[in-house]
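structure-v4.pdb, holding PDB, C-alpha atoms:
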```
MODEL        1
ATOM      1  CA  MET A 227     -15.665  13.043   6.807
ATOM      2  CA  GLU A 228     -18.320  10.700   8.090
ATOM      3  CA  PHE A 229     -17.383   8.084  10.629
ATOM      4  CA  LYS A 230     -19.269   4.869  11.114
ATOM      5  CA  LYS A 231     -20.058   4.318  14.734
ATOM      6  CA  VAL A 232     -19.973   0.921  16.361
ATOM      7  CA  SER A 233     -21.476   0.876  19.807
ATOM      8  CA  GLY A 234     -20.189  -1.330  22.570
ATOM      9  CA  SER A 235     -20.416  -1.820  26.287
ATOM     10  CA  ARG A 236     -16.899  -0.528  26.856
ATOM     11  CA  ASN A 237     -17.071   3.145  26.013
ATOM     12  CA  GLU A 238     -14.715   4.729  28.535
ATOM     13  CA  HIS A 239     -12.314   5.697  25.731
ATOM     14  CA  LYS A 240     -12.875   7.593  22.522
ATOM     15  CA  VAL A 241     -11.546   5.218  19.890
ATOM     16  CA  THR A 242     -11.159   6.375  16.291
ATOM     17  CA  LEU A 243      -9.960   3.944  13.653
ATOM     18  CA  TYR A 244      -8.626   4.912  10.227
ATOM     19  CA  ALA A 245      -8.814   1.824   8.048
ATOM     20  CA  LEU A 246      -8.822   0.588   4.475
ATOM     21  CA  SER A 247     -11.704  -1.570   3.302
ATOM     22  CA  THR A 248      -9.289  -4.004   1.631
ATOM     23  CA  CYS A 249      -6.804  -4.238   4.468
ATOM     24  CA  VAL A 250      -6.564  -7.476   6.392
ATOM     25  CA  TRP A 251      -5.038  -5.989   9.539
ATOM     26  CA  CYS A 252      -7.729  -3.318   9.595
ATOM     27  CA  LYS A 253     -10.346  -6.066   9.555
ATOM     28  CA  MET A 254      -8.548  -7.824  12.386
ATOM     29  CA  THR A 255      -8.559  -4.606  14.394
ATOM     30  CA  LYS A 256     -12.300  -4.101  13.860
ATOM     31  CA  GLN A 257     -12.849  -7.723  14.812
ATOM     32  CA  LEU A 258     -10.820  -7.333  17.992
ATOM     33  CA  PHE A 259     -12.823  -4.265  19.008
ATOM     34  CA  ASN A 260     -16.113  -5.984  18.150
ATOM     35  CA  ASP A 261     -15.210  -9.138  20.064
ATOM     36  CA  ASN A 262     -14.308  -7.117  23.133
ATOM     37  CA  GLY A 263     -17.287  -4.792  23.047
ATOM     38  CA  ILE A 264     -15.148  -1.720  22.498
ATOM     39  CA  GLU A 265     -17.142   1.269  21.296
ATOM     40  CA  TYR A 266     -15.408   2.929  18.364
ATOM     41  CA  GLU A 267     -15.852   4.917  15.223
ATOM     42  CA  TYR A 268     -14.082   4.132  11.962
ATOM     43  CA  VAL A 269     -13.667   5.302   8.439
ATOM     44  CA  ASP A 270     -12.456   3.336   5.396
ATOM     45  CA  VAL A 271     -10.105   5.865   3.849
ATOM     46  CA  ASP A 272      -9.959   4.175   0.434
ATOM     47  CA  LEU A 273     -13.693   4.772   0.010
ATOM     48  CA  LEU A 274     -13.535   8.512   0.780
ATOM     49  CA  ASP A 275     -13.484  11.304  -1.768
ATOM     50  CA  GLU A 276     -10.287  13.288  -2.261
ATOM     51  CA  LYS A 277     -11.109  16.026   0.212
ATOM     52  CA  ASP A 278     -11.875  13.575   2.974
ATOM     53  CA  LYS A 279      -8.782  11.533   2.179
ATOM     54  CA  GLU A 280      -6.771  14.660   2.760
ATOM     55  CA  LYS A 281      -8.606  15.248   6.054
ATOM     56  CA  ALA A 282      -7.765  11.707   7.130
ATOM     57  CA  ARG A 283      -4.134  12.280   6.186
ATOM     58  CA  GLN A 284      -4.015  15.412   8.298
ATOM     59  CA  ALA A 285      -5.732  13.717  11.220
ATOM     60  CA  ILE A 286      -3.091  10.985  11.229
ATOM     61  CA  THR A 287      -0.009  13.079  10.543
ATOM     62  CA  SER A 288      -1.018  15.811  13.008
ATOM     63  CA  LYS A 289      -0.742  13.169  15.720
ATOM     64  CA  GLY A 290       2.700  12.251  14.453
ATOM     65  CA  GLY A 291       1.678   8.966  12.898
ATOM     66  CA  PRO A 292       2.992   7.398   9.709
ATOM     67  CA  LEU A 293       0.429   6.986   6.928
ATOM     68  CA  SER A 294      -0.109   3.324   7.620
ATOM     69  CA  TYR A 295      -3.359   1.483   8.140
ATOM     70  CA  PRO A 296      -4.875   0.630  10.495
ATOM     71  CA  THR A 297      -4.225   3.744  12.569
ATOM     72  CA  THR A 298      -6.094   3.916  15.863
ATOM     73  CA  ILE A 299      -6.322   7.150  17.801
ATOM     74  CA  ILE A 300      -7.434   6.786  21.398
ATOM     75  CA  ASP A 301      -8.747   9.763  23.379
ATOM     76  CA  ASP A 302      -7.239  12.090  20.770
ATOM     77  CA  ASN A 303      -3.784  11.598  22.231
ATOM     78  CA  THR A 304      -2.566   8.040  21.778
ATOM     79  CA  LEU A 305      -1.849   6.800  18.277
ATOM     80  CA  ILE A 306      -1.330   3.146  17.497
ATOM     81  CA  THR A 307      -0.118   2.126  14.071
ATOM     82  CA  GLY A 308      -0.951  -1.374  12.912
ATOM     83  CA  PHE A 309      -2.706  -4.327  14.480
ATOM     84  CA  ARG A 310      -0.713  -4.136  17.686
ATOM     85  CA  LYS A 311      -2.379  -6.445  20.173
ATOM     86  CA  ASP A 312       0.204  -5.565  22.807
ATOM     87  CA  ARG A 313      -0.520  -1.841  22.495
ATOM     88  CA  PHE A 314      -4.293  -2.356  22.430
ATOM     89  CA  LYS A 315      -3.978  -4.396  25.588
ATOM     90  CA  GLU A 316      -1.893  -1.710  27.234
ATOM     91  CA  VAL A 317      -4.192   1.175  26.350
ATOM     92  CA  LEU A 318      -7.651  -0.402  26.084
ATOM     93  CA  GLY A 319      -7.144  -3.456  28.232
ATOM     94  CA  VAL A 320      -8.370  -5.902  25.595
TER      95      VAL A 320
ATOM     96  CA  MET U 784     -14.394  -8.210 -16.448
ATOM     97  CA  THR U 785     -13.438  -9.268 -12.981
ATOM     98  CA  ILE U 786     -10.741 -11.610 -11.819
ATOM     99  CA  SER U 787     -11.495 -14.676  -9.712
ATOM    100  CA  ILE U 788     -10.013 -15.390  -6.302
ATOM    101  CA  ASP U 789      -8.527 -18.551  -7.775
ATOM    102  CA  GLN U 790      -6.676 -16.571 -10.415
ATOM    103  CA  VAL U 791      -5.328 -14.218  -7.764
ATOM    104  CA  ARG U 792      -4.262 -17.168  -5.660
ATOM    105  CA  ARG U 793      -2.532 -18.974  -8.523
ATOM    106  CA  ARG U 794      -0.667 -15.828  -9.470
ATOM    107  CA  ALA U 795       0.534 -15.272  -5.904
ATOM    108  CA  GLU U 796       1.551 -18.902  -5.530
ATOM    109  CA  ALA U 797       3.462 -18.872  -8.797
ATOM    110  CA  ASP U 798       5.223 -15.665  -7.852
ATOM    111  CA  ALA U 799       6.171 -16.956  -4.409
ATOM    112  CA  LYS U 800       7.583 -20.089  -5.991
ATOM    113  CA  THR U 801       9.606 -18.159  -8.554
ATOM    114  CA  TYR U 802      11.227 -16.000  -5.898
ATOM    115  CA  GLY U 803      11.637 -18.684  -3.242
ATOM    116  CA  TYR U 804       9.056 -17.153  -0.901
ATOM    117  CA  TYR U 805       6.011 -18.578   0.858
ATOM    118  CA  LEU U 806       2.522 -17.219   1.284
ATOM    119  CA  VAL U 807       1.310 -16.461   4.795
ATOM    120  CA  PRO U 808       0.658 -19.833   6.493
ATOM    121  CA  ASP U 809      -2.689 -18.921   8.128
ATOM    122  CA  PRO U 810      -5.389 -19.890   5.585
ATOM    123  CA  ASP U 811      -7.900 -17.274   6.806
ATOM    124  CA  LEU U 812      -5.360 -14.479   6.554
ATOM    125  CA  LEU U 813      -4.323 -15.697   3.116
ATOM    126  CA  GLN U 814      -7.911 -15.729   1.932
ATOM    127  CA  ALA U 815      -8.417 -12.188   3.247
ATOM    128  CA  PHE U 816      -5.322 -10.939   1.406
ATOM    129  CA  LEU U 817      -6.457 -12.532  -1.831
ATOM    130  CA  GLU U 818      -9.894 -10.964  -1.473
ATOM    131  CA  GLY U 819      -8.332  -7.552  -0.876
ATOM    132  CA  LEU U 820      -6.201  -7.948  -3.999
ATOM    133  CA  LYS U 821      -9.236  -8.979  -6.014
ATOM    134  CA  VAL U 822     -11.253  -5.972  -4.840
ATOM    135  CA  ASN U 823      -8.418  -3.657  -5.796
ATOM    136  CA  GLU U 824      -7.896  -5.274  -9.178
ATOM    137  CA  ASP U 825     -11.605  -4.959  -9.942
ATOM    138  CA  ARG U 826     -11.572  -1.375  -8.699
ATOM    139  CA  TYR U 827      -8.387   0.006 -10.232
ATOM    140  CA  GLY U 828      -7.542  -2.442 -12.990
ATOM    141  CA  TYR U 829      -4.373  -3.618 -11.253
ATOM    142  CA  PRO U 830      -3.742  -5.653  -8.090
ATOM    143  CA  LEU U 831      -2.831  -2.832  -5.769
ATOM    144  CA  CYS U 832      -1.447  -3.715  -2.348
ATOM    145  CA  PRO U 833      -4.504  -4.272  -0.115
ATOM    146  CA  CYS U 834      -2.695  -2.692   2.838
ATOM    147  CA  ARG U 835      -1.974   0.647   1.168
ATOM    148  CA  LEU U 836      -3.953   3.573  -0.138
ATOM    149  CA  ALA U 837      -4.083   3.971  -3.920
ATOM    150  CA  SER U 838      -4.143   7.167  -5.932
ATOM    151  CA  GLY U 839      -5.976   5.318  -8.685
ATOM    152  CA  LYS U 840      -3.368   6.537 -11.177
ATOM    153  CA  PHE U 841      -1.220   3.764 -12.522
ATOM    154  CA  GLU U 842       1.977   5.793 -12.708
ATOM    155  CA  PHE U 843       1.625   6.877  -9.083
ATOM    156  CA  ASP U 844       0.676   3.431  -7.878
ATOM    157  CA  ARG U 845       3.027   1.205  -9.838
ATOM    158  CA  ASP U 846       5.496   0.762  -6.978
ATOM    159  CA  ILE U 847       2.722  -0.678  -4.769
ATOM    160  CA  ILE U 848       1.222  -3.076  -7.276
ATOM    161  CA  CYS U 849       1.567  -6.515  -5.740
ATOM    162  CA  PRO U 850       4.243  -7.832  -5.610
ATOM    163  CA  CYS U 851       5.373  -4.338  -4.719
ATOM    164  CA  ASP U 852       8.815  -2.803  -5.159
ATOM    165  CA  TYR U 853       9.378  -3.086  -1.424
ATOM    166  CA  ARG U 854       8.705  -6.784  -1.051
ATOM    167  CA  ASP U 855      12.180  -8.050  -1.800
ATOM    168  CA  PRO U 856      14.065  -5.730   0.546
ATOM    169  CA  ASP U 857      11.385  -6.237   3.233
ATOM    170  CA  VAL U 858      11.514 -10.021   3.061
ATOM    171  CA  ALA U 859      15.307  -9.833   3.115
ATOM    172  CA  GLN U 860      15.320  -7.586   6.185
ATOM    173  CA  TYR U 861      12.250  -8.668   8.171
ATOM    174  CA  GLY U 862      11.284 -12.035   6.745
ATOM    175  CA  ALA U 863       7.989 -10.755   5.339
ATOM    176  CA  CYS U 864       6.569  -8.064   3.087
ATOM    177  CA  TYR U 865       4.741  -5.028   4.482
ATOM    178  CA  CYS U 866       1.358  -6.820   4.349
ATOM    179  CA  ARG U 867       2.878 -10.125   5.411
ATOM    180  CA  LEU U 868       1.329 -11.919   2.473
ATOM    181  CA  TYR U 869       4.792 -13.008   1.306
ATOM    182  CA  VAL U 870       7.085 -14.480   3.926
ATOM    183  CA  ASN U 871      10.375 -16.357   3.935
ATOM    184  CA  LYS U 872      10.828 -19.958   4.946
ATOM    185  CA  ALA U 873      11.744 -19.240   8.574
ATOM    186  CA  VAL U 874       8.629 -17.127   9.139
ATOM    187  CA  TYR U 875       6.479 -19.640   7.285
ATOM    188  CA  GLU U 876       7.659 -22.434   9.552
ATOM    189  CA  SER U 877       7.578 -20.499  12.821
ATOM    190  CA  LYS U 878       4.211 -18.879  11.977
ATOM    191  CA  ASN U 879       5.401 -15.802  13.910
ATOM    192  CA  LEU U 880       4.693 -12.842  11.682
ATOM    193  CA  PRO U 881       7.125  -9.965  12.215
ATOM    194  CA  ASP U 882       6.190  -6.281  12.350
ATOM    195  CA  VAL U 883       7.208  -4.670   9.081
ATOM    196  CA  PRO U 884       7.365  -0.871   8.935
ATOM    197  CA  GLU U 885       6.426   1.034   5.784
ATOM    198  CA  ARG U 886       9.421   1.387   3.487
ATOM    199  CA  ARG U 887       7.641   3.380   0.806
ATOM    200  CA  PRO U 888       8.929   6.970   0.833
ATOM    201  CA  ILE U 889       6.488   9.518   2.255
ATOM    202  CA  GLU U 890       6.532  11.599  -0.965
ATOM    203  CA  LYS U 891       5.086   8.635  -2.816
ATOM    204  CA  GLN U 892       2.535   7.906  -0.101
ATOM    205  CA  ASN U 893       1.353  11.497  -0.285
ATOM    206  CA  ARG U 894       0.440  11.119  -3.937
ATOM    207  CA  ALA U 895      -2.574   9.041  -2.903
ATOM    208  CA  TYR U 896      -3.966  12.034  -1.045
ATOM    209  CA  THR U 897      -3.134  14.999  -3.249
ATOM    210  CA  PRO U 898      -2.542  13.535  -6.687
ATOM    211  CA  GLN U 899      -3.319  16.802  -8.472
ATOM    212  CA  THR U 900      -0.893  19.028  -6.540
ATOM    213  CA  ALA U 901      -3.129  20.691  -3.980
ATOM    214  CA  ALA U 902      -2.197  24.211  -5.078
ATOM    215  CA  GLU U 903      -4.129  23.904  -8.300
ATOM    216  CA  GLU U 904      -7.656  23.283  -7.249
ATOM    217  CA  THR U 905      -9.239  25.675  -9.687
ATOM    218  CA  THR U 906      -9.950  23.054 -12.303
ATOM    219  CA  GLN U 907     -13.190  21.218 -11.809
ATOM    220  CA  GLU U 908     -12.908  18.515  -9.243
ATOM    221  CA  LYS U 909     -13.867  15.197 -10.633
ATOM    222  CA  PRO U 910     -14.267  12.318  -8.232
ATOM    223  CA  PRO U 911     -12.045   9.324  -8.869
ATOM    224  CA  THR U 912     -13.779   7.054 -11.342
ATOM    225  CA  PRO U 913     -12.954   3.554 -10.227
ATOM    226  CA  GLU U 914     -13.688   1.700 -13.447
ATOM    227  CA  THR U 915     -11.875   3.728 -16.044
ATOM    228  CA  PRO U 916      -8.192   3.988 -15.143
ATOM    229  CA  LYS U 917      -6.333   1.570 -17.319
ATOM    230  CA  PRO U 918      -2.674   0.804 -16.923
ATOM    231  CA  THR U 919      -1.697   2.629 -20.056
ATOM    232  CA  VAL U 920       1.973   3.464 -20.135
ATOM    233  CA  GLN U 921       2.601   6.609 -22.076
ATOM    234  CA  PRO U 922       5.937   6.253 -23.772
ATOM    235  CA  THR U 923       6.077   9.868 -24.883
ATOM    236  CA  ALA U 924       5.730  11.301 -21.341
ATOM    237  CA  LYS U 925       4.570  14.597 -22.780
ATOM    238  CA  SER U 926       5.977  17.393 -20.641
ATOM    239  CA  SER U 927       6.683  15.120 -17.731
ATOM    240  CA  ALA U 928       6.304  17.962 -15.257
ATOM    241  CA  ALA U 929       2.596  18.042 -16.102
ATOM    242  CA  LYS U 930       0.507  17.096 -13.136
ATOM    243  CA  GLY U 931      -0.381  13.508 -12.682
ATOM    244  CA  GLU U 932       2.796  12.190 -14.232
ATOM    245  CA  VAL U 933       6.095  11.070 -12.900
ATOM    246  CA  LYS U 934       9.445  11.596 -14.535
ATOM    247  CA  LYS U 935      10.695   8.297 -15.850
ATOM    248  CA  LYS U 936      14.295   7.520 -16.650
ATOM    249  CA  LEU U 937      16.253   4.665 -18.134
ATOM    250  CA  TRP U 938      18.224   2.664 -15.592
ATOM    251  CA  TYR U 939      20.593  -0.209 -16.220
ATOM    252  CA  CYS U 940      22.060  -2.812 -13.944
ATOM    253  CA  LYS U 941      25.816  -2.550 -14.084
ATOM    254  CA  GLN U 942      26.094  -6.190 -13.126
ATOM    255  CA  CYS U 943      23.915  -7.883 -15.749
ATOM    256  CA  GLY U 944      22.786  -5.145 -18.130
ATOM    257  CA  TYR U 945      19.069  -5.330 -17.328
ATOM    258  CA  VAL U 946      17.358  -2.084 -18.362
ATOM    259  CA  VAL U 947      14.199  -0.511 -16.930
ATOM    260  CA  PHE U 948      12.323   2.671 -17.812
ATOM    261  CA  ARG U 949      10.723   4.029 -14.665
ATOM    262  CA  GLU U 950      10.940   6.655 -11.964
ATOM    263  CA  ASP U 951      13.422   4.872  -9.704
ATOM    264  CA  PRO U 952      15.667   1.863 -10.151
ATOM    265  CA  PRO U 953      14.427  -1.348  -8.487
ATOM    266  CA  TYR U 954      15.634  -2.184  -4.990
ATOM    267  CA  VAL U 955      16.854  -5.517  -6.278
ATOM    268  CA  CYS U 956      17.632  -6.429  -9.885
ATOM    269  CA  PRO U 957      14.986  -8.973 -10.916
ATOM    270  CA  ILE U 958      17.484 -10.737 -13.165
ATOM    271  CA  CYS U 959      20.735 -11.010 -11.199
ATOM    272  CA  LYS U 960      19.588  -9.874  -7.714
ATOM    273  CA  ALA U 961      22.135  -7.064  -7.611
ATOM    274  CA  LYS U 962      21.290  -4.316  -5.149
ATOM    275  CA  ARG U 963      19.889  -0.926  -6.106
ATOM    276  CA  GLU U 964      23.352   0.623  -5.812
ATOM    277  CA  MET U 965      24.363  -1.338  -8.911
ATOM    278  CA  PHE U 966      21.883   0.600 -11.058
ATOM    279  CA  ALA U 967      22.974   3.658 -13.004
ATOM    280  CA  GLU U 968      21.002   6.075 -15.114
ATOM    281  CA  ILE U 969      21.372   5.936 -18.871
ATOM    282  CA  GLU U 970      21.759   9.425 -20.213
ATOM    283  CA  ALA U 971      19.736   9.382 -23.418
ATOM    284  CA  GLY U 972      19.443  12.415 -25.623
ATOM    285  CA  VAL U 973      18.314  13.311 -29.093
ATOM    286  CA  GLU U 974      20.676  15.096 -31.485
ATOM    287  CA  LEU U 975      18.703  17.757 -33.262
ATOM    288  CA  ASN U 976      21.441  19.259 -35.419
ATOM    289  CA  GLY U 977      22.716  17.426 -38.469
TER     290      GLY U 977
ENDMDL
END
```
Mind turning this structure into structure tokens?
Amino acid sequence: MEFKKVSGSRNEHKVTLYALSTCVWCKMTKQLFNDNGIEYEYVDVDLLDEKDKEKARQAITSKGGPLSYPTTIIDDNTLITGFRKDRFKEVLGV
Amino acid sequence: MTISIDQVRRRAEADAKTYGYYLVPDPDLLQAFLEGLKVNEDRYGYPLCPCRLASGKFEFDRDIICPCDYRDPDVAQYGACYCRLYVNKAVYESKNLPDVPERRPIEKQNRAYTPQTAAEETTQEKPPTPETPKPTVQPTAKSSAAKGEVKKKLWYCKQCGYVVFREDPPYVCPICKAKREMFAEIEAGVELNG
């Protein structure tokens, strides 16, 4: 599964975003990260092949998350489902 | 043939009007939803929910074709659908979009990831072909246990008599608005002797 990397000045956290290319709230999440210079990697799950879709499913469910998009995993231990500005603020300080 | 954004918009507006809903008040968000629906309709042949993952198989995806099966109960409970494209009057006026959790059962969500039952991977793996799947309903449901198909049943609304042929009864009767509990299965059989 190949992630697209977006570099930013704020790289103190490892931020991984599982998104859908058609999803409005996923776009908002990317926008929020871009606007705040957050470094992150993302994958648009709807554009993956079946094997990688399954890998994405496992990555999300193994962290206890529901299969909703966007799903953001921070430092491999904090999972945020949805465009949750309050949670992003709490964890990433944006 | 592709669908235009204007067609998608008119369809959503007409549907909102019919059901007494509103479309999300923020024009940029609305435009983004309509674009997502258009992309999905061009890709799959039906306007799949832009906020959910498709299997690309009509029978697996039919409950999340916009307006999805979950919209009515979600608007009733939260004031908006899962995407928050459709909202009720109070949300429309306050412009405060609620958080709406996923109501779709996990078994159905999983079909988008392992549509061919993961155990049987021996057959050649063909990548999903975006252009071809057409929403063809197969009335004969040949051996419904066969992979890639769902078992459809006849359901009727005990309140108004509305009948549907699908996997599950609707959450809300589209005719009389009765709740799902008012639906019962019609036991249909074929007499072979005589």
Counting only C-alpha atoms, which residues in chain A sit no more than 12 Å from chain U? For each one, give the nearest pair of atoms and the distance in Å, sorted by chain then residue number, as JSON lines.
```
{"residue": "A:Tyr244", "atom": "CA", "partner": "U:Leu836", "partner_atom": "CA", "distance": 11.4}
{"residue": "A:Ala245", "atom": "CA", "partner": "U:Cys834", "partner_atom": "CA", "distance": 9.2}
{"residue": "A:Leu246", "atom": "CA", "partner": "U:Cys834", "partner_atom": "CA", "distance": 7.1}
{"residue": "A:Ser247", "atom": "CA", "partner": "U:Gly819", "partner_atom": "CA", "distance": 8.0}
{"residue": "A:Thr248", "atom": "CA", "partner": "U:Gly819", "partner_atom": "CA", "distance": 4.4}
{"residue": "A:Cys249", "atom": "CA", "partner": "U:Cys834", "partner_atom": "CA", "distance": 4.7}
{"residue": "A:Val250", "atom": "CA", "partner": "U:Ala815", "partner_atom": "CA", "distance": 6.0}
{"residue": "A:Trp251", "atom": "CA", "partner": "U:Cys834", "partner_atom": "CA", "distance": 7.8}
{"residue": "A:Cys252", "atom": "CA", "partner": "U:Cys834", "partner_atom": "CA", "distance": 8.4}
{"residue": "A:Lys253", "atom": "CA", "partner": "U:Ala815", "partner_atom": "CA", "distance": 9.0}
{"residue": "A:Met254", "atom": "CA", "partner": "U:Leu812", "partner_atom": "CA", "distance": 9.4}
{"residue": "A:Asp270", "atom": "CA", "partner": "U:Leu836", "partner_atom": "CA", "distance": 10.1}
{"residue": "A:Val271", "atom": "CA", "partner": "U:Leu836", "partner_atom": "CA", "distance": 7.7}
{"residue": "A:Asp272", "atom": "CA", "partner": "U:Leu836", "partner_atom": "CA", "distance": 6.1}
{"residue": "A:Leu273", "atom": "CA", "partner": "U:Leu836", "partner_atom": "CA", "distance": 9.8}
{"residue": "A:Leu274", "atom": "CA", "partner": "U:Pro911", "partner_atom": "CA", "distance": 9.8}
{"residue": "A:Asp275", "atom": "CA", "partner": "U:Pro910", "partner_atom": "CA", "distance": 6.6}
{"residue": "A:Glu276", "atom": "CA", "partner": "U:Tyr896", "partner_atom": "CA", "distance": 6.6}
{"residue": "A:Lys277", "atom": "CA", "partner": "U:Tyr896", "partner_atom": "CA", "distance": 8.3}
{"residue": "A:Asp278", "atom": "CA", "partner": "U:Tyr896", "partner_atom": "CA", "distance": 9.0}
{"residue": "A:Lys279", "atom": "CA", "partner": "U:Tyr896", "partner_atom": "CA", "distance": 5.8}
{"residue": "A:Glu280", "atom": "CA", "partner": "U:Tyr896", "partner_atom": "CA", "distance": 5.4}
{"residue": "A:Lys281", "atom": "CA", "partner": "U:Tyr896", "partner_atom": "CA", "distance": 9.1}
{"residue": "A:Ala282", "atom": "CA", "partner": "U:Tyr896", "partner_atom": "CA", "distance": 9.0}
{"residue": "A:Arg283", "atom": "CA", "partner": "U:Tyr896", "partner_atom": "CA", "distance": 7.2}
{"residue": "A:Gln284", "atom": "CA", "partner": "U:Tyr896", "partner_atom": "CA", "distance": 9.9}
{"residue": "A:Thr287", "atom": "CA", "partner": "U:Asn893", "partner_atom": "CA", "distance": 11.0}
{"residue": "A:Gly291", "atom": "CA", "partner": "U:Glu885", "partner_atom": "CA", "distance": 11.7}
{"residue": "A:Pro292", "atom": "CA", "partner": "U:Glu885", "partner_atom": "CA", "distance": 8.2}
{"residue": "A:Leu293", "atom": "CA", "partner": "U:Gln892", "partner_atom": "CA", "distance": 7.4}
{"residue": "A:Ser294", "atom": "CA", "partner": "U:Glu885", "partner_atom": "CA", "distance": 7.2}
{"residue": "A:Tyr295", "atom": "CA", "partner": "U:Cys834", "partner_atom": "CA", "distance": 6.8}
{"residue": "A:Pro296", "atom": "CA", "partner": "U:Cys834", "partner_atom": "CA", "distance": 8.6}
{"residue": "A:Thr297", "atom": "CA", "partner": "U:Cys834", "partner_atom": "CA", "distance": 11.8}
{"residue": "A:Thr307", "atom": "CA", "partner": "U:Pro884", "partner_atom": "CA", "distance": 9.6}
{"residue": "A:Gly308", "atom": "CA", "partner": "U:Asp882", "partner_atom": "CA", "distance": 8.7}
{"residue": "A:Phe309", "atom": "CA", "partner": "U:Asp882", "partner_atom": "CA", "distance": 9.4}
{"residue": "A:Arg310", "atom": "CA", "partner": "U:Asp882", "partner_atom": "CA", "distance": 9.0}
{"residue": "A:Lys311", "atom": "CA", "partner": "U:Asp882", "partner_atom": "CA", "distance": 11.6}
```
Margin query: For the provided coordinates, the residues matched by the PyMOL selection byres ((chain U and resi 869-881) around 8) should be stated as JSON, numbers by chain.
Written below: {"U": [799, 803, 804, 805, 806, 807, 808, 809, 854, 858, 861, 862, 863, 864, 866, 867, 868, 882, 883]}
Selection from above, C-alpha atoms, as a short mmCIF file (atom, residue, chain, number, x, y, z; two decimals), keeping the file's coordinate frame, can you write it?
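Result file is again18.cif:
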```
data_model
loop_
_atom_site.label_atom_id
_atom_site.label_comp_id
_atom_site.auth_asym_id
_atom_site.auth_seq_id
_atom_site.Cartn_x
_atom_site.Cartn_y
_atom_site.Cartn_z
CA ALA U 799 6.17 -16.96 -4.41
CA GLY U 803 11.64 -18.68 -3.24
CA TYR U 804 9.06 -17.15 -0.90
CA TYR U 805 6.01 -18.58 0.86
CA LEU U 806 2.52 -17.22 1.28
CA VAL U 807 1.31 -16.46 4.80
CA PRO U 808 0.66 -19.83 6.49
CA ASP U 809 -2.69 -18.92 8.13
CA ARG U 854 8.70 -6.78 -1.05
CA VAL U 858 11.51 -10.02 3.06
CA TYR U 861 12.25 -8.67 8.17
CA GLY U 862 11.28 -12.04 6.74
CA ALA U 863 7.99 -10.76 5.34
CA CYS U 864 6.57 -8.06 3.09
CA CYS U 866 1.36 -6.82 4.35
CA ARG U 867 2.88 -10.12 5.41
CA LEU U 868 1.33 -11.92 2.47
CA ASP U 882 6.19 -6.28 12.35
CA VAL U 883 7.21 -4.67 9.08
#
```
Margin query: Under the rule that all atoms listed in the file are counted, which of A:Leu258, A:Lys289, A:Asp301, A:Val232 is the nearest residue to Lys315 of chain A?
Written below: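 Nearest to Lys315 of chain A: A:Leu258.
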Checklist line | Nearest-residue call for Arg949 of chain U, choices U:Met965, U:Glu842, U:Tyr865, U:Asp789, using only C-alpha atoms | finding: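 Of the candidates, the smallest distance to Arg949 of chain U is held by U:Glu842.
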Check: Ser233 of chain A: which residues within 9 Å, counting all atoms listed in the file, same-chain residues fewer than 5 positions away excluded, as a VMD selection string?
Finding: chain A and resid 260 263 to 267
Note to self: For a test of reading the model, state the distance in Å between atom CA of Glu796 of chain U and atom CA of Arg826 of chain U, rounded to one decimal.
What the structure shows: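 The value is 22.1 Å.
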Next item on the list: Return as number ranges by chain the set of residues that the PyMOL selection byres ((chain A and resi 230) around 6) yields on the displayed structure.
Entry: A: 229, 231, 267-268
Checklist line | Distance in Å - atom CA of Asp825 of chain U versus atom CA of Thr785 of chain U | finding: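 Atom CA of Thr785 of chain U lies 5.6 Å from atom CA of Asp825 of chain U.
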Item checked: Length of the atom CA of Lys935 of chain U to atom CA of Glu950 of chain U vector [Å] ->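 Between these atoms lies a distance of 4.2 Å.
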Next item on the list: Find the residue from A:Leu318, A:Phe259, A:Val269, A:Arg313 that sits nearest to Glu238 of chain A; use only C-alpha atoms when measuring.
Entry: A:Leu318
Check: If you apply the PyMOL selection byres ((chain U and resi 955) around 10) to this file, what residues do you get, as a PyMOL selection string?
Finding: chain U and resi 852-856+940+952-954+956-966
8 Å per side around segment 253-271 of chain A: axis-aligned box centre and edge lengths, as AutoDock Vina command-line options:
```
--center_x -12.9 --center_y -1.6 --center_z 13.5 --size_x 24.7 --size_y 31.0 --size_z 35.3
```
Next item on the list: Between A:Thr298, A:Ser235, A:Thr255, A:Asn262, single out the one closest to Gly319 of chain A, counting all atoms listed in the file.
Entry: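 That would be A:Asn262, the residue with the smallest distance to Gly319 of chain A.
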Next item on the list: Show which residues sit within 10 Å of Ala971 of chain U, as JSON, numbers by chain. Count all atoms listed in the file, and ignore same-chain residues fewer than 3 positions away.
Entry: {"U": [936, 937, 968, 974]}
Keeping C-alpha atoms for every residue in the selection just given, could you write it to a file as a PDB file, keeping the file's coordinate frame?
```pdb
ATOM      1  CA  LYS U 936      14.295   7.520 -16.650  1.00  0.00           C
ATOM      2  CA  LEU U 937      16.253   4.665 -18.134  1.00  0.00           C
ATOM      3  CA  GLU U 968      21.002   6.075 -15.114  1.00  0.00           C
ATOM      4  CA  GLU U 974      20.676  15.096 -31.485  1.00  0.00           C
TER       5      GLU U 974
END
```
